[in-house]
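Structure first, commentary second.
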Amino acid sequence: EGYRNFFASVLAGNQRGFARAVKKSKIPREELYICGSVVSNRVRGEEAAYASTARGCAANLEAFAEGGIDYVDMIMLDYPGPDCDSIRGQWKAFEKMKADGQAKSLAVSNFSPVQLDCILNTKPKTKPVVNQLPISVGLYGRTSTAEQLAENKKRGVLVQAWSPLGGSTGGIPKSVRQECATIGKAYGKSGAQVALRWIVQSGAALTTQTKTRAHFKEDLDIFDFALTADEMERLNGSGGAA
């Protein structure tokens, strides 16, 4: 029961506390999927980016060690470096972490298609499996959700929505929240559950956070209903895939 996939971010500063909680839970490590993150986008050049990223990888392992965790199932670059050389340096450090058995898969966050190609065009030993992007229903941007999903899919990368309810991007507009709530009534679901379901049916994964058990349970309870094509279209027109 409950969650088994966890993203413990260096930006959130929750890695040590998370590791201690894992140890206290007594849940076997192999039953958990744990993702860490590295921030190394503030340096320029392949060598400097490699060194900074390698330090970030080591810092993850040091923090997780407090809970007896000696590897991660996924490690994620929170932001791309300022140019292709820097991104290649970041990825080189990630590939070494994987080769050393300290990470099972590699991912990125906030990467544009061009930045993904900085990695993919070098024919890496390991490709990014996930790209975390700010996606939520009603979110307007220079690139539509549909286009972002298509460009990542073309490259074999799964998009995972961070801030899927808009908490870090200004929130879901009031009119869109009302539309989600209206749609949800027919299914006995909240507007938030409809907003999360829209992401799943759009072809993306998502990561959520909350401080309440009730909201954790609510966020999980989105797989026993499906939005109709008309409902998806109504939400797409609100900006989510415009």
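FYI, nothing fancy with the structure tokens labels: chains A, B, ... in order, residues from 1 per chain, ligands from 1 as they appear.
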
Which of region 116-216 of chain A fall in strand (DSSP E), as an NGL selection string: :A and (130-134 or 158-162 or 205-206)

Residues of region 50-147 of chain A that approach region 11-33 of chain A to 9 Å or less, counting only C-alpha atoms: could you list each one with the shortest pair of atoms and its distance in Å to one decimal, rows by chain and increasing residue number, as JSON lines?
{"residue": "A:Asn60", "atom": "CA", "partner": "A:Gln15", "partner_atom": "CA", "distance": 7.6}
{"residue": "A:Glu62", "atom": "CA", "partner": "A:Arg16", "partner_atom": "CA", "distance": 8.7}
{"residue": "A:Ala63", "atom": "CA", "partner": "A:Arg16", "partner_atom": "CA", "distance": 5.0}
{"residue": "A:Phe64", "atom": "CA", "partner": "A:Ala19", "partner_atom": "CA", "distance": 5.2}
{"residue": "A:Ala65", "atom": "CA", "partner": "A:Ala19", "partner_atom": "CA", "distance": 7.2}
{"residue": "A:Glu66", "atom": "CA", "partner": "A:Ala19", "partner_atom": "CA", "distance": 5.9}
{"residue": "A:Gly67", "atom": "CA", "partner": "A:Ala19", "partner_atom": "CA", "distance": 4.2}
{"residue": "A:Gly68", "atom": "CA", "partner": "A:Lys23", "partner_atom": "CA", "distance": 6.9}
{"residue": "A:Ile69", "atom": "CA", "partner": "A:Ala19", "partner_atom": "CA", "distance": 7.1}
{"residue": "A:Val72", "atom": "CA", "partner": "A:Tyr33", "partner_atom": "CA", "distance": 7.7}
{"residue": "A:Asp73", "atom": "CA", "partner": "A:Tyr33", "partner_atom": "CA", "distance": 5.7}
{"residue": "A:Met74", "atom": "CA", "partner": "A:Tyr33", "partner_atom": "CA", "distance": 7.9}
{"residue": "A:Asp78", "atom": "CA", "partner": "A:Leu11", "partner_atom": "CA", "distance": 8.5}

Suppose we keep C-alpha atoms; can you now write the selection as a tab-separated table (two decimals), in the first residue's frame?
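Once written, part02.tsv looks like this:
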chain	number	residue	atom	x	y	z
A	60	ASN	CA	23.65	12.35	-2.66
A	62	GLU	CA	26.57	10.70	1.61
A	63	ALA	CA	23.13	12.03	2.53
A	64	PHE	CA	21.29	8.80	1.73
A	65	ALA	CA	23.86	6.79	3.69
A	66	GLU	CA	22.22	8.09	6.88
A	67	GLY	CA	19.44	5.61	6.17
A	68	GLY	CA	21.69	2.82	4.95
A	69	ILE	CA	20.91	3.59	1.30
A	72	VAL	CA	19.76	5.24	-6.03
A	73	ASP	CA	17.36	3.86	-8.58
A	74	MET	CA	17.56	7.14	-10.46
A	78	ASP	CA	17.89	19.41	-11.87

DSSP alpha helix (DSSP H) residues within region 42-202 of chain A, listed as a PyMOL selection string: chain A and resi 46-64+84-99+113-120+145-154+174-185+191-202

Give me a file of those residues, with C-alpha atoms, as an mmCIF file, in the first residue's frame.
data_model
loop_
_atom_site.group_PDB
_atom_site.id
_atom_site.type_symbol
_atom_site.label_atom_id
_atom_site.label_comp_id
_atom_site.auth_asym_id
_atom_site.auth_seq_id
_atom_site.Cartn_x
_atom_site.Cartn_y
_atom_site.Cartn_z
ATOM 1 C CA GLU A 46 33.005 20.248 -19.736
ATOM 2 C CA GLU A 47 35.688 19.679 -17.090
ATOM 3 C CA ALA A 48 34.195 22.088 -14.555
ATOM 4 C CA ALA A 49 30.699 20.671 -15.091
ATOM 5 C CA TYR A 50 32.005 17.133 -14.701
ATOM 6 C CA ALA A 51 33.741 17.984 -11.427
ATOM 7 C CA SER A 52 30.729 19.842 -10.023
ATOM 8 C CA THR A 53 28.336 17.048 -11.005
ATOM 9 C CA ALA A 54 30.612 14.365 -9.571
ATOM 10 C CA ARG A 55 30.631 16.242 -6.254
ATOM 11 C CA GLY A 56 26.839 16.375 -6.391
ATOM 12 C CA CYS A 57 26.621 12.635 -7.009
ATOM 13 C CA ALA A 58 28.861 11.964 -4.027
ATOM 14 C CA ALA A 59 26.812 14.336 -1.850
ATOM 15 C CA ASN A 60 23.651 12.347 -2.658
ATOM 16 C CA LEU A 61 25.235 9.097 -1.571
ATOM 17 C CA GLU A 62 26.574 10.701 1.609
ATOM 18 C CA ALA A 63 23.126 12.035 2.526
ATOM 19 C CA PHE A 64 21.293 8.801 1.731
ATOM 20 C CA CYS A 84 26.481 21.759 -24.787
ATOM 21 C CA ASP A 85 30.032 21.305 -23.509
ATOM 22 C CA SER A 86 28.840 21.810 -19.949
ATOM 23 C CA ILE A 87 25.911 19.438 -20.417
ATOM 24 C CA ARG A 88 28.246 16.777 -21.791
ATOM 25 C CA GLY A 89 30.413 17.167 -18.688
ATOM 26 C CA GLN A 90 27.378 16.779 -16.447
ATOM 27 C CA TRP A 91 26.309 13.647 -18.268
ATOM 28 C CA LYS A 92 29.795 12.140 -18.203
ATOM 29 C CA ALA A 93 29.728 12.301 -14.383
ATOM 30 C CA PHE A 94 26.264 10.719 -14.334
ATOM 31 C CA GLU A 95 27.396 7.880 -16.574
ATOM 32 C CA LYS A 96 30.322 7.207 -14.235
ATOM 33 C CA MET A 97 27.949 7.067 -11.266
ATOM 34 C CA LYS A 98 25.893 4.470 -13.116
ATOM 35 C CA ALA A 99 28.972 2.525 -14.209
ATOM 36 C CA PRO A 113 14.728 19.375 -26.845
ATOM 37 C CA VAL A 114 17.916 21.157 -27.934
ATOM 38 C CA GLN A 115 19.515 20.530 -24.552
ATOM 39 C CA LEU A 116 18.482 16.875 -24.665
ATOM 40 C CA ASP A 117 20.201 16.647 -28.034
ATOM 41 C CA CYS A 118 23.450 17.862 -26.463
ATOM 42 C CA ILE A 119 23.442 14.468 -24.722
ATOM 43 C CA LEU A 120 21.808 12.299 -27.358
ATOM 44 C CA THR A 145 2.196 20.530 -23.349
ATOM 45 C CA ALA A 146 1.361 18.453 -26.426
ATOM 46 C CA GLU A 147 4.462 19.685 -28.241
ATOM 47 C CA GLN A 148 6.707 19.085 -25.228
ATOM 48 C CA LEU A 149 5.404 15.555 -24.859
ATOM 49 C CA ALA A 150 5.832 14.878 -28.586
ATOM 50 C CA GLU A 151 9.414 16.172 -28.696
ATOM 51 C CA ASN A 152 10.440 14.118 -25.674
ATOM 52 C CA LYS A 153 8.669 10.997 -26.927
ATOM 53 C CA LYS A 154 10.485 11.360 -30.245
ATOM 54 C CA LYS A 174 -9.421 29.953 -11.155
ATOM 55 C CA SER A 175 -11.514 29.291 -14.260
ATOM 56 C CA VAL A 176 -9.594 26.077 -14.947
ATOM 57 C CA ARG A 177 -9.940 24.943 -11.314
ATOM 58 C CA GLN A 178 -13.682 25.456 -11.623
ATOM 59 C CA GLU A 179 -13.782 23.441 -14.847
ATOM 60 C CA CYS A 180 -11.849 20.595 -13.185
ATOM 61 C CA ALA A 181 -14.217 20.655 -10.208
ATOM 62 C CA THR A 182 -17.265 20.560 -12.502
ATOM 63 C CA ILE A 183 -15.901 17.594 -14.423
ATOM 64 C CA GLY A 184 -14.945 15.835 -11.200
ATOM 65 C CA LYS A 185 -18.481 15.868 -9.799
ATOM 66 C CA GLY A 191 -10.793 19.119 -9.089
ATOM 67 C CA ALA A 192 -7.215 18.280 -8.126
ATOM 68 C CA GLN A 193 -7.758 14.629 -9.015
ATOM 69 C CA VAL A 194 -9.129 15.650 -12.420
ATOM 70 C CA ALA A 195 -6.091 17.885 -12.985
ATOM 71 C CA LEU A 196 -3.748 14.988 -12.173
ATOM 72 C CA ARG A 197 -5.750 12.585 -14.309
ATOM 73 C CA TRP A 198 -5.435 15.014 -17.238
ATOM 74 C CA ILE A 199 -1.647 14.767 -16.967
ATOM 75 C CA VAL A 200 -1.695 10.964 -16.950
ATOM 76 C CA GLN A 201 -4.039 10.781 -19.947
ATOM 77 C CA SER A 202 -1.917 13.335 -21.786
#

Pick from A:Lys189, A:Asp221, A:Phe216, A:Val137 nearest to Glu233 (chain A), counting only C-alpha atoms: A:Val137

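Using only C-alpha atoms for every distance, the candidate list A:Phe225, A:Ser163, A:Ala204, A:Lys104 yields A:Ala204 as the residue closest to Asn131 (chain A).
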
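Taking CA of Gly36 (chain A) and CA of Met76 (chain A) as the two end points, the separation is 6.2 Å.
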
Residues within 9 Å of Pro82 (chain A), only C-alpha atoms, excluding chain neighbours under 4 positions, as number ranges by chain: A: 41-45, 86-87

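Across the structure, CA of Arg155 (chain A) and CA of Asp230 (chain A) are spaced 28.9 Å apart.
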
Atom pair CA of Val159 (chain A) / CA of Ser112 (chain A): separation (Å): 11.3 Å
